[in-house]
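Pasting structure05.txt here (compact mmCIF, C-alpha atoms):
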```txt
# COMPACT_ATOMS: atom_id res chain seq x y z
CA MET A 105 0.00 0.00 0.00
CA SER A 106 1.28 3.44 -0.79
CA ILE A 107 2.00 6.01 1.89
CA SER A 108 -0.95 8.20 0.86
CA ALA A 109 -3.38 5.27 1.22
CA VAL A 110 -2.03 4.52 4.72
CA ALA A 111 -2.37 8.18 5.68
CA LEU A 112 -5.90 8.26 4.31
CA LEU A 113 -6.86 5.14 6.29
CA LYS A 114 -5.30 6.66 9.42
CA LYS A 115 -7.33 9.84 9.01
CA ALA A 116 -10.51 7.80 8.43
CA ALA A 117 -9.84 5.71 11.55
CA ILE A 118 -9.28 8.84 13.67
CA ALA A 119 -12.45 10.46 12.28
CA ALA A 120 -14.43 7.27 12.95
CA ALA A 121 -13.06 6.99 16.48
CA THR A 122 -14.01 10.56 17.36
CA ASP A 123 -17.53 10.60 15.83
CA ARG A 124 -20.00 8.75 18.11
CA LYS A 125 -22.46 7.95 15.29
CA VAL A 126 -19.76 6.46 13.08
CA LEU A 127 -18.27 4.62 16.06
CA LYS A 128 -21.67 3.09 16.90
CA ALA A 129 -22.25 2.10 13.27
CA VAL A 130 -18.81 0.52 12.94
CA GLY A 131 -19.22 -1.20 16.30
CA GLY A 132 -22.62 -2.54 15.24
CA VAL A 133 -21.20 -3.89 11.98
CA VAL A 134 -18.26 -5.52 13.76
CA LEU A 135 -20.55 -6.97 16.42
CA GLY A 136 -22.90 -8.26 13.71
CA ILE A 137 -20.05 -9.93 11.87
CA VAL A 138 -18.76 -11.52 15.08
CA ILE A 139 -22.25 -12.81 15.93
CA ILE A 140 -22.79 -14.13 12.41
CA ILE A 141 -19.49 -16.00 12.57
CA ALA A 142 -19.49 -17.01 16.23
CA MET A 143 -23.09 -18.15 16.75
CA PRO A 144 -23.05 -21.00 14.22
CA VAL A 145 -19.74 -22.19 15.66
CA VAL A 146 -21.16 -22.09 19.19
CA ALA A 147 -24.30 -23.89 18.04
CA VAL A 148 -22.33 -26.66 16.34
CA ILE A 149 -20.05 -27.11 19.34
CA SER A 150 -23.07 -27.18 21.67
CA VAL A 151 -24.81 -29.79 19.55
CA PHE A 152 -21.76 -32.05 19.56
CA ASN A 153 -21.33 -31.58 23.29
CA GLY A 154 -25.03 -32.20 23.89
CA THR A 155 -25.40 -29.01 25.90
CA VAL A 156 -28.11 -27.32 23.86
CA GLN A 157 -31.18 -26.95 26.02
CA VAL A 158 -34.35 -25.32 24.87
CA ASP A 159 -36.97 -24.28 27.37
CA THR A 160 -39.96 -25.35 25.31
CA SER A 161 -42.54 -24.22 27.85
CA ALA A 162 -41.12 -20.69 27.92
CA LEU A 163 -40.94 -20.65 24.14
CA GLN A 164 -44.54 -21.86 23.92
CA GLN A 165 -45.67 -19.15 26.35
CA ARG A 166 -43.91 -16.47 24.30
CA ILE A 167 -45.52 -17.69 21.10
CA GLU A 168 -48.98 -17.92 22.68
CA ALA A 169 -48.61 -14.37 24.02
CA GLN A 170 -48.25 -13.15 20.42
CA LEU A 171 -51.44 -14.89 19.21
CA THR A 172 -54.88 -13.35 19.00
CA SER A 173 -57.68 -14.99 20.99
CA ASP A 174 -59.06 -16.59 17.80
CA GLN A 175 -55.64 -18.03 17.00
CA GLN A 176 -55.31 -19.31 20.57
CA ASP A 177 -58.73 -20.99 20.31
CA LEU A 178 -57.71 -22.60 17.02
CA LEU A 179 -54.46 -23.80 18.56
CA LYS A 180 -56.36 -25.33 21.50
CA ASP A 181 -58.76 -27.07 19.10
CA ILE A 182 -55.85 -28.52 17.15
CA GLU A 183 -54.15 -29.65 20.35
CA THR A 184 -57.36 -31.27 21.60
CA THR A 185 -57.84 -33.09 18.31
CA MET A 186 -54.24 -34.33 18.39
CA TYR A 187 -54.78 -35.74 21.90
CA ASP A 188 -58.10 -37.27 20.83
CA ILE A 189 -56.37 -38.97 17.89
CA GLU A 190 -53.67 -40.30 20.20
CA ASP A 191 -56.24 -41.67 22.65
CA ALA A 192 -58.34 -43.29 19.92
CA MET A 193 -55.32 -44.85 18.23
CA ASN A 194 -54.07 -46.23 21.55
CA ASP A 195 -57.53 -47.62 22.35
CA ALA A 196 -57.69 -49.27 18.91
CA GLY A 197 -54.32 -50.96 19.47
CA PHE A 198 -52.34 -48.72 17.11
CA ALA A 199 -50.11 -46.95 19.64
CA ASP A 200 -47.15 -47.34 17.29
CA ARG A 201 -49.04 -45.55 14.49
CA VAL A 202 -50.28 -42.45 16.33
CA LYS A 203 -47.90 -40.17 14.42
CA GLU A 204 -49.23 -41.44 11.10
CA ALA A 205 -52.79 -40.47 12.09
CA GLN A 206 -51.63 -37.11 13.43
CA VAL A 207 -49.67 -36.41 10.24
CA LEU A 208 -52.73 -37.21 8.15
CA TYR A 209 -54.77 -34.83 10.28
CA THR A 210 -52.33 -31.93 10.20
CA LEU A 211 -51.35 -32.21 6.55
CA SER A 212 -54.59 -33.18 4.85
CA LEU A 213 -57.60 -33.76 7.06
CA TYR A 214 -57.71 -30.76 9.42
CA GLU A 215 -60.70 -29.31 7.55
CA TYR A 216 -62.70 -32.47 8.32
CA ALA A 217 -62.02 -32.35 12.07
CA ASP A 218 -65.29 -30.54 12.81
CA GLY A 219 -67.22 -33.32 11.12
CA GLU A 220 -69.14 -35.96 12.98
CA GLU A 221 -66.91 -38.57 14.63
CA PHE A 222 -63.83 -37.44 12.71
CA VAL A 223 -61.35 -39.12 15.04
CA GLN A 224 -63.19 -42.44 14.93
CA ARG A 225 -63.48 -42.31 11.13
CA LEU A 226 -59.74 -41.67 10.88
CA THR A 227 -58.89 -44.44 13.33
CA ASP A 228 -61.09 -46.88 11.41
CA CYS A 229 -58.87 -46.37 8.34
CA PHE A 230 -56.00 -48.17 10.10
CA GLU A 231 -55.46 -51.93 9.93
CA GLU A 232 -52.72 -54.32 11.03
CA ASP A 233 -49.83 -54.88 8.57
CA GLN A 234 -51.11 -52.13 6.30
CA THR A 235 -48.92 -50.39 3.73
CA ASP A 236 -48.92 -46.62 3.27
CA ASP A 237 -50.68 -47.09 -0.08
CA GLU A 238 -53.45 -49.15 1.53
CA LEU A 239 -53.87 -46.62 4.34
CA ILE A 240 -54.05 -43.65 1.99
CA SER A 241 -56.50 -45.51 -0.23
CA LYS A 242 -58.83 -46.01 2.76
CA VAL A 243 -58.39 -42.40 3.92
CA ASN A 244 -59.10 -41.05 0.43
CA LYS A 245 -62.22 -43.20 0.20
CA GLU A 246 -63.46 -42.31 3.70
CA PHE A 247 -62.87 -38.54 3.46
CA LYS A 248 -63.17 -38.17 -0.33
CA THR A 249 -59.68 -36.68 -0.57
CA ASN A 250 -56.92 -37.03 -3.15
CA ILE A 251 -53.87 -37.57 -0.97
CA LEU A 252 -50.99 -39.04 -2.93
CA PRO A 253 -49.52 -42.12 -1.24
CA GLU A 254 -45.98 -41.09 -2.22
CA ASP A 255 -46.42 -37.69 -0.55
CA PHE A 256 -47.52 -39.35 2.68
CA THR A 257 -44.71 -41.91 2.44
CA ASN A 258 -42.09 -39.18 1.93
CA VAL A 259 -43.28 -37.25 4.99
CA MET A 260 -43.47 -40.39 7.11
CA LYS A 261 -40.04 -41.56 5.92
CA ASN A 262 -38.49 -38.49 7.53
CA ILE A 263 -40.51 -38.90 10.71
CA ARG A 264 -39.75 -42.61 10.94
CA LEU A 265 -36.06 -41.91 10.37
CA SER A 266 -36.16 -39.28 13.11
CA ASP A 267 -37.83 -41.76 15.47
CA VAL A 268 -35.20 -44.41 14.75
CA SER A 269 -32.32 -41.99 15.37
CA SER A 270 -34.01 -40.74 18.56
CA ASP A 271 -34.46 -44.31 19.79
CA SER A 272 -30.85 -45.23 19.06
CA SER A 273 -29.51 -42.11 20.78
CA ALA A 274 -31.69 -42.84 23.83
CA GLU A 275 -30.31 -46.40 23.93
CA THR A 276 -26.74 -45.07 23.72
CA GLU A 277 -27.36 -42.64 26.59
CA SER A 278 -28.91 -45.34 28.79
CA GLY A 279 -25.94 -47.65 28.19
CA LYS A 280 -27.77 -50.39 26.28
```

Here is a file; write its structure as structure tokens.
Amino acid sequence: MSISAVALLKKAAIAAATDRKVLKAVGGVVLGIVIIIAMPVVAVISVFNGTVQVDTSALQQRIEAQLTSDQQDLLKDIETTMYDIEDAMNDAGFADRVKEAQVLYTLSLYEYADGEEFVQRLTDCFEEDQTDDELISKVNKEFKTNILPEDFTNVMKNIRLSDVSSDSSAETESGK
């Protein structure tokens, strides 16, 4: 760098250091860059160390505080329906398939939830040793929908994979 460029940078640094607005702006930019670089590194290290803890109840309270009363009522209705589906699936002997029924509800059948005996109609679509194609065929027939079996299978593949990895990590932690 030439001497004039160094002198120009020196003057700019002195001007920035003496002007509070410029100093705040530069500090904000530097802080932003540090946060952008440091936070992902901290997050990755925390994940590998297993020290990331999320207070889900506090997060839920914050989110609920931002909702209107109509949105809160809708959220409560959805939550109630999810619990009803879980109870009905457990009672029908399909405890291991609760998530499938809940996925169908949240992704495709939520608009039918107000209908008569929705949860029972959904539960009745499940059978032992049933493929995704067979399940979706029964659901489409019962609710007159056009759910694509491959769409349901793709969603469930990710959920099932997540369940398997969660189960294996729980076994590792318990020393099995």

- With all atoms listed in the file as the atoms that count, which of A:Tyr209, A:Tyr214, A:Phe247, A:Phe256 lies nearest to Glu190 in chain A? A:Tyr209

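Taking CA of Ile189 in chain A and CA of Asp218 in chain A as endpoints, the distance between them is 13.3 Å.
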
- Go through A:Thr257, A:Thr122, A:Asn194, A:Gln170 and flag the residue nearest Gln224 in chain A, using all atoms listed in the file for the distances.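 Closest to Gln224 in chain A, using all atoms listed in the file: A:Asn194.
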
- Message: Just the number, please: distance in Å from CA of Asp236 in chain A to CA of Pro253 in chain A, one decimal.
- Response: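 Between these atoms lies a distance of 6.4 Å.
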
- Query: Could you name the residues that touch Glu221 in chain A at 12 Å or less, counting all atoms listed in the file, but leaving out those on the same chain fewer than 5 positions away, as a list in words?
  - Reply: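 My list of contacting residues is Thr185, Asp188, Ile189, Ala192, Tyr216, Leu226, Thr227, Asp228 and Phe247 of chain A.
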
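Closest approach to Leu252 in chain A among A:Gln164, A:Ser212, A:Gln206, A:Gln176: A:Ser212, based on all atoms listed in the file.
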
Can you tell me, as an mmCIF file with C-alpha atoms, keeping the file's coordinate frame, what residues are no more than 12 Å from Glu232 in chain A when counting only C-alpha atoms, ignoring any on the same chain fewer than 6 positions away?
```cif
data_model
loop_
_atom_site.group_PDB
_atom_site.id
_atom_site.type_symbol
_atom_site.label_atom_id
_atom_site.label_comp_id
_atom_site.auth_asym_id
_atom_site.auth_seq_id
_atom_site.Cartn_x
_atom_site.Cartn_y
_atom_site.Cartn_z
ATOM 1 C CA ALA A 196 -57.690 -49.270 18.910
ATOM 2 C CA GLY A 197 -54.320 -50.960 19.470
ATOM 3 C CA PHE A 198 -52.340 -48.720 17.110
ATOM 4 C CA ALA A 199 -50.110 -46.950 19.640
ATOM 5 C CA ASP A 200 -47.150 -47.340 17.290
ATOM 6 C CA ARG A 201 -49.040 -45.550 14.490
ATOM 7 C CA GLU A 238 -53.450 -49.150 1.530
ATOM 8 C CA LEU A 239 -53.870 -46.620 4.340
#
```

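One distance worth recording is that between CA of Asn258 in chain A and CA of Leu213 in chain A, which is 17.2 Å.
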
- Message: With distances taken over all atoms listed in the file, which residue among A:Leu178, A:Ile251, A:Cys229, A:Leu171 lies nearest Ala217 in chain A?
- Response: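 Smallest separation from Ala217 in chain A among the options: A:Leu178.
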